[in-house]
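Everything on this sheet refers to the single structure shown next.
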Amino acid sequence: MTLTTTLELWEPQTALGQLPDEDLALMLRIRHFEQALLDLFSRGKLSGTTHTCLGQEYVPVAMRTLLRPSDYVFSHHRGHGHYLARFEEPTGLLAEIMGREGAVCGGVGGSQHIYRDRFLSSGVQGESMPVAAGVALHLKRAGQGDLAAVYIGDGSWSAGGVYEALNIAKLWHLPLVVLTENNGIALSTPLECELAGTIAGRARAFGVAYAHVASKDVCAIRAQLAPLVDAARRDSEPLVVEFETDRLGPHSKGDDTRPAHELDALRERDWTAAYREQFPAQFAALDAQERERIAQAVRDVESRGPSVWRQA
Ligand SMILES: Cc1ncc(C[n+]2csc(CCOP(=O)(O)OP(=O)(O)O)c2C)c(N)n1
């Protein structure tokens, strides 16, 4: 059976607040990084697979100031934006994906399996939830007010481990923040064919606090979530956040099953289109800066030799 998306499109993005340069620069750095990867693939310069977060860049950038360096972040298969929002520097990640010298995980983690300081990603859907709950238990016992933040997609709400983790997180009062990027589709399966009920209802069933984020405005998102994340930290309680977001690119590289008119509609409400229109001078300057930064990173990494894995 061929599944096509019939999901009702969310309202087009309207006004966005002006961002500090560092937030906008970071969002554009992620955008150009992801576009560079698709370009490298199309020229046969990358192997393996990769999943870009085109359209979703603002989510980890909004979370950036709400999380502390001492918090743990668990990421998933679409995690380059999560990584760049935490570490900001694209070269080590690009080297990792290309298997070149300077790779953050010696080139054995690739696009989906990164470990650096308190950041871990896994391509196994839902796997990070029980691990994050365990880390949240440790953080609670350490008593420093740190939390474990875990990104999952809408499709990962079908994984059993997600529910075991939520159950334990609520029972044991763990500081676990579940950041759901609901982009309306899981690989080729639209939301209405993959998810019974709602994510809100599922959080409610465990008595877990829940927030729904419809905005793409980084400052508005921070204002909405700051008290909730603070409460999760202060009171040591789990929190589920659901971001309504858009996956503008294919699932991985050339595998988009959505009809052209739907993709056009998604592109129309892309945050870059709205932001460029509202703040053209700031956008143009930072867009050029970040385009060049990523082009330079590509030139640099392409000129390097292969990465070497040295076991610790
Ligand atoms: C346990 C497991 N099952 C299946 C897959 C294959 N797979 C990779 S991404 C994906 C869809 C994920 O959808 P979602 O969680 O909504 O994230 P999105 O890709 O939309 O960002 C699937 C099924 C996997 N990586 N892990």
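So you can find residues: chains in the structure tokens are A, B, ... in the order shown, residues in each start at 1, and ligands are numbered from 1 in order.
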
Query - Near-His80 in chain A list (8 Å; only C-alpha atoms; drop same-chain fewer than 2 positions) as a list in words - result: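 Neighbouring residues, sequence-local ones excluded: Ile30, Glu34, Thr52, Cys53, Arg78, His82, Tyr83, Leu84, Leu93 and Ser111 of chain A.
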
Can you work out which residues are within 8 Å of ligand 1, considering only C-alpha atoms and all ligand atoms, and then hand them over as an mmCIF file with N, CA, C and O atoms, in the first residue's frame?
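pocket_34.cif, freshly written:
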data_model
loop_
_atom_site.group_PDB
_atom_site.id
_atom_site.type_symbol
_atom_site.label_atom_id
_atom_site.label_comp_id
_atom_site.auth_asym_id
_atom_site.auth_seq_id
_atom_site.Cartn_x
_atom_site.Cartn_y
_atom_site.Cartn_z
ATOM 1 N N HIS A 51 20.215 12.205 7.929
ATOM 2 C CA HIS A 51 18.848 12.747 7.994
ATOM 3 C C HIS A 51 18.972 14.215 8.380
ATOM 4 O O HIS A 51 19.494 14.518 9.463
ATOM 5 N N CYS A 53 17.736 18.167 9.340
ATOM 6 C CA CYS A 53 16.660 18.789 10.127
ATOM 7 C C CYS A 53 16.194 20.080 9.476
ATOM 8 O O CYS A 53 15.759 20.994 10.188
ATOM 9 N N HIS A 77 18.265 10.282 15.235
ATOM 10 C CA HIS A 77 18.830 10.149 13.890
ATOM 11 C C HIS A 77 18.885 11.482 13.138
ATOM 12 O O HIS A 77 19.644 11.625 12.197
ATOM 13 N N ARG A 78 18.035 12.451 13.527
ATOM 14 C CA ARG A 78 17.985 13.747 12.820
ATOM 15 C C ARG A 78 18.632 14.785 13.735
ATOM 16 O O ARG A 78 18.026 15.793 14.074
ATOM 17 N N GLY A 123 20.622 6.330 16.524
ATOM 18 C CA GLY A 123 19.687 6.158 15.404
ATOM 19 C C GLY A 123 18.619 5.129 15.693
ATOM 20 O O GLY A 123 17.736 4.909 14.863
ATOM 21 N N VAL A 124 18.677 4.500 16.849
ATOM 22 C CA VAL A 124 17.661 3.498 17.205
ATOM 23 C C VAL A 124 16.496 4.233 17.866
ATOM 24 O O VAL A 124 16.635 4.777 18.964
ATOM 25 N N GLN A 125 15.364 4.259 17.192
ATOM 26 C CA GLN A 125 14.236 5.076 17.657
ATOM 27 C C GLN A 125 13.795 4.694 19.052
ATOM 28 O O GLN A 125 13.531 3.522 19.329
ATOM 29 N N GLY A 126 13.689 5.671 19.920
ATOM 30 C CA GLY A 126 13.178 5.462 21.274
ATOM 31 C C GLY A 126 14.209 4.909 22.241
ATOM 32 O O GLY A 126 14.004 4.935 23.453
ATOM 33 N N GLU A 127 15.338 4.416 21.725
ATOM 34 C CA GLU A 127 16.338 3.786 22.588
ATOM 35 C C GLU A 127 16.846 4.730 23.668
ATOM 36 O O GLU A 127 17.148 4.319 24.793
ATOM 37 N N ILE A 152 12.912 13.200 20.689
ATOM 38 C CA ILE A 152 12.376 12.076 19.909
ATOM 39 C C ILE A 152 11.432 12.641 18.849
ATOM 40 O O ILE A 152 10.980 13.784 18.948
ATOM 41 N N GLY A 153 11.120 11.826 17.830
ATOM 42 C CA GLY A 153 10.166 12.246 16.808
ATOM 43 C C GLY A 153 8.778 11.719 17.128
ATOM 44 O O GLY A 153 8.600 10.913 18.051
ATOM 45 N N ASP A 154 7.789 12.158 16.357
ATOM 46 C CA ASP A 154 6.423 11.666 16.571
ATOM 47 C C ASP A 154 6.362 10.140 16.406
ATOM 48 O O ASP A 154 5.682 9.439 17.141
ATOM 49 N N GLY A 155 7.130 9.618 15.438
ATOM 50 C CA GLY A 155 7.109 8.180 15.178
ATOM 51 C C GLY A 155 7.646 7.367 16.342
ATOM 52 O O GLY A 155 7.234 6.218 16.561
ATOM 53 N N SER A 156 8.545 7.980 17.117
ATOM 54 C CA SER A 156 9.150 7.242 18.227
ATOM 55 C C SER A 156 8.180 7.038 19.378
ATOM 56 O O SER A 156 8.454 6.261 20.289
ATOM 57 N N TRP A 157 7.031 7.738 19.324
ATOM 58 C CA TRP A 157 6.009 7.507 20.345
ATOM 59 C C TRP A 157 5.354 6.137 20.172
ATOM 60 O O TRP A 157 4.453 5.764 20.915
ATOM 61 N N ALA A 159 7.342 3.442 20.197
ATOM 62 C CA ALA A 159 8.334 2.518 20.748
ATOM 63 C C ALA A 159 8.022 2.230 22.217
ATOM 64 O O ALA A 159 7.761 3.155 23.006
ATOM 65 N N GLU A 181 9.758 16.344 18.441
ATOM 66 C CA GLU A 181 9.672 17.120 17.207
ATOM 67 C C GLU A 181 8.627 16.434 16.318
ATOM 68 O O GLU A 181 8.918 15.464 15.639
ATOM 69 N N ASN A 182 7.420 16.937 16.406
ATOM 70 C CA ASN A 182 6.325 16.344 15.634
ATOM 71 C C ASN A 182 6.262 17.023 14.268
ATOM 72 O O ASN A 182 5.703 18.103 14.117
ATOM 73 N N ASN A 183 6.871 16.367 13.274
ATOM 74 C CA ASN A 183 6.871 16.943 11.929
ATOM 75 C C ASN A 183 5.817 16.288 11.045
ATOM 76 O O ASN A 183 5.842 16.427 9.825
ATOM 77 N N GLY A 184 4.883 15.571 11.672
ATOM 78 C CA GLY A 184 3.721 15.072 10.937
ATOM 79 C C GLY A 184 3.958 13.842 10.105
ATOM 80 O O GLY A 184 3.027 13.367 9.423
ATOM 81 N N ILE A 185 5.157 13.303 10.143
ATOM 82 C CA ILE A 185 5.437 12.137 9.299
ATOM 83 C C ILE A 185 6.605 11.361 9.914
ATOM 84 O O ILE A 185 7.500 11.966 10.509
ATOM 85 N N ALA A 186 6.559 10.051 9.801
ATOM 86 C CA ALA A 186 7.668 9.207 10.264
ATOM 87 C C ALA A 186 8.126 8.383 9.067
ATOM 88 O O ALA A 186 7.401 7.499 8.611
ATOM 89 N N LEU A 187 9.287 8.720 8.547
ATOM 90 C CA LEU A 187 9.807 8.126 7.314
ATOM 91 C C LEU A 187 8.806 8.374 6.192
ATOM 92 O O LEU A 187 8.758 9.476 5.680
ATOM 93 N N SER A 188 7.949 7.414 5.850
ATOM 94 C CA SER A 188 6.947 7.672 4.802
ATOM 95 C C SER A 188 5.531 7.558 5.347
ATOM 96 O O SER A 188 4.574 7.587 4.582
ATOM 97 N N ARG A 247 9.221 19.088 8.532
ATOM 98 C CA ARG A 247 10.416 18.520 7.916
ATOM 99 C C ARG A 247 10.411 18.952 6.457
ATOM 100 O O ARG A 247 9.618 18.468 5.672
ATOM 101 N N HIS A 251 13.160 12.251 3.959
ATOM 102 C CA HIS A 251 13.433 11.533 5.214
ATOM 103 C C HIS A 251 14.948 11.451 5.427
ATOM 104 O O HIS A 251 15.448 11.828 6.471
#

**Report entry** From A:Lys45, A:Arg233, A:Arg293, A:Arg267, residue lying nearest Gln144 in chain A [only C-alpha atoms]
**Finding:**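 Of A:Lys45, A:Arg233, A:Arg293, A:Arg267, the one nearest Gln144 in chain A, counting only C-alpha atoms, is A:Arg233.
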
Residues of range 39-195 of chain A classed as helix (DSSP H, G or I) by DSSP on the backbone are to be reported as a compact mmCIF listing (two decimals) with C-alpha atoms, in the first residue's frame.
# COMPACT_ATOMS: atom_id res chain seq x y z
CA ASP A 39 24.92 18.62 -1.87
CA LEU A 40 27.88 16.42 -0.89
CA PHE A 41 25.68 13.33 -1.22
CA SER A 42 24.44 14.37 -4.64
CA TYR A 58 14.77 26.72 15.53
CA VAL A 59 13.82 23.93 17.96
CA PRO A 60 17.29 23.16 19.42
CA VAL A 61 18.28 26.82 19.11
CA ALA A 62 15.27 27.78 21.25
CA MET A 63 16.21 25.08 23.77
CA ARG A 64 19.85 26.21 23.84
CA HIS A 80 22.89 17.57 13.55
CA GLY A 81 20.93 20.64 14.66
CA HIS A 82 20.87 19.38 18.25
CA TYR A 83 24.65 18.94 18.13
CA LEU A 84 25.36 22.31 16.52
CA ALA A 85 23.06 24.14 18.93
CA ARG A 86 25.14 22.68 21.77
CA PHE A 87 28.67 22.93 20.39
CA THR A 91 33.94 21.12 11.43
CA GLY A 92 34.27 18.20 13.88
CA LEU A 93 30.75 17.01 13.06
CA LEU A 94 31.32 17.29 9.33
CA ALA A 95 34.62 15.41 9.72
CA GLU A 96 32.71 12.73 11.65
CA ILE A 97 30.12 12.38 8.91
CA MET A 98 32.81 12.33 6.21
CA SER A 128 17.55 6.95 24.24
CA MET A 129 14.46 7.31 26.47
CA PRO A 130 15.25 4.56 29.00
CA VAL A 131 18.92 5.57 28.96
CA ALA A 132 17.95 9.21 29.54
CA ALA A 133 15.65 8.15 32.40
CA GLY A 134 18.58 6.32 34.01
CA VAL A 135 20.79 9.37 33.62
CA ALA A 136 17.98 11.54 35.05
CA LEU A 137 17.94 9.28 38.11
CA HIS A 138 21.67 9.81 38.53
CA LEU A 139 21.27 13.57 38.10
CA LYS A 140 18.50 13.67 40.68
CA ARG A 141 20.70 11.85 43.17
CA ALA A 142 23.64 14.14 42.40
CA ASP A 154 6.42 11.67 16.57
CA GLY A 155 7.11 8.18 15.18
CA SER A 156 9.15 7.24 18.23
CA TRP A 157 6.01 7.51 20.34
CA SER A 158 5.29 4.00 19.02
CA GLY A 160 7.66 0.56 23.95
CA GLY A 161 10.72 1.84 25.79
CA VAL A 162 9.29 5.36 25.64
CA TYR A 163 6.44 4.26 27.94
CA GLU A 164 8.61 2.32 30.36
CA ALA A 165 10.78 5.40 30.70
CA LEU A 166 7.81 7.76 31.20
CA ASN A 167 6.33 5.44 33.79
CA ILE A 168 9.53 5.29 35.81
CA ALA A 169 10.22 9.01 35.32
CA LYS A 170 6.87 9.91 36.85
CA LEU A 171 6.94 7.27 39.58
CA LEU A 191 0.94 10.98 11.52
CA GLU A 192 -2.67 9.82 11.27
CA CYS A 193 -1.48 6.38 10.16
CA GLU A 194 1.12 5.97 12.89

Query - d(CA of Glu237 in chain A, CA of Leu195 in chain A) in Å - result: 25.1 Å

Requested in this report: Please provide as an MDAnalysis selection string all residues within 9 Å of Ala15 in chain A, with the sequence filter that same-chain residues fewer than 2 positions apart are discarded (counting only C-alpha atoms).
Outcome: chainID A and resid 13 17 217 274:275 278

Those same residues - N, CA and C atoms - I'd like them written as a PDB file, in the first residue's frame.
ATOM      1  N   GLN A  13       3.252  30.348   9.059  1.00  0.00           N
ATOM      2  CA  GLN A  13       3.924  31.143  10.072  1.00  0.00           C
ATOM      3  C   GLN A  13       3.649  32.616   9.817  1.00  0.00           C
ATOM      4  N   GLY A  17       9.499  37.264  16.100  1.00  0.00           N
ATOM      5  CA  GLY A  17      10.224  38.338  16.757  1.00  0.00           C
ATOM      6  C   GLY A  17      11.654  38.399  16.253  1.00  0.00           C
ATOM      7  N   ASP A 217       8.851  30.972  16.704  1.00  0.00           N
ATOM      8  CA  ASP A 217       9.554  32.155  17.209  1.00  0.00           C
ATOM      9  C   ASP A 217      10.393  31.748  18.422  1.00  0.00           C
ATOM     10  N   ALA A 274       9.732  33.655   6.335  1.00  0.00           N
ATOM     11  CA  ALA A 274       9.084  34.675   7.164  1.00  0.00           C
ATOM     12  C   ALA A 274      10.125  35.633   7.751  1.00  0.00           C
ATOM     13  N   TYR A 275      11.237  35.073   8.200  1.00  0.00           N
ATOM     14  CA  TYR A 275      12.237  35.919   8.870  1.00  0.00           C
ATOM     15  C   TYR A 275      12.918  36.848   7.868  1.00  0.00           C
ATOM     16  N   GLN A 278      10.796  39.818   7.192  1.00  0.00           N
ATOM     17  CA  GLN A 278      10.626  40.780   8.281  1.00  0.00           C
ATOM     18  C   GLN A 278      11.909  41.510   8.651  1.00  0.00           C
TER      19      GLN A 278
END

**Report entry** Long-range neighbours of Val73 in chain A as a ChimeraX atom specification, 10 Å cut-off, only C-alpha atoms, 5 positions minimum in chain
**Finding:** /A:67-68,82-83,86,117-121,128,132,147-151,177

Requested in this report: Could you jot down the CA of Arg222 in chain A to CA of Gly249 in chain A separation for me, Å, one decimal place?
Outcome: 25.4 Å

Query - Residue neighbourhood Gly107 in chain A, 12 Å, only C-alpha atoms, exclusion window fewer than 2 positions, as a count of residues only - result: 29

Query raised in the report: Which value, in Å to one decimal, gives the distance between CA of Glu88 in chain A and CA of Leu26 in chain A?
Result: 7.0 Å

Query - Distance criterion (only C-alpha atoms): nearest to Arg31 in chain A out of A:Trp271, A:Phe279, A:Phe206, A:Phe243 - result: A:Trp271

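The smallest atom-to-atom distance between Gln289 in chain A and any of A:Asp255, A:Leu19, A:Tyr210, A:Leu28, using only C-alpha atoms, is found for A:Leu28.
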
Requested in this report: Using only C-alpha atoms, find the one residue out of A:Gly55, A:Gly145, A:Pro20, A:Pro90 that sits nearest to Phe33 in chain A.
Outcome: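 The answer is A:Pro90, which sits nearest to Phe33 in chain A.
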
**Report entry** Closest of A:Ala231, A:Ala226, A:Ala297, A:Leu248 to Ala209 in chain A - atom-to-atom distances counting only C-alpha atoms
**Finding:**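 Among the listed residues, A:Ala231 lies closest to Ala209 in chain A.
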
Query raised in the report: as a ChimeraX atom specification, which residues of range 1-188 of chain A does DSSP assign to strand (DSSP E or B)?
Result: /A:72-75,100,115-116,119-121,148-153,176-182,185-186
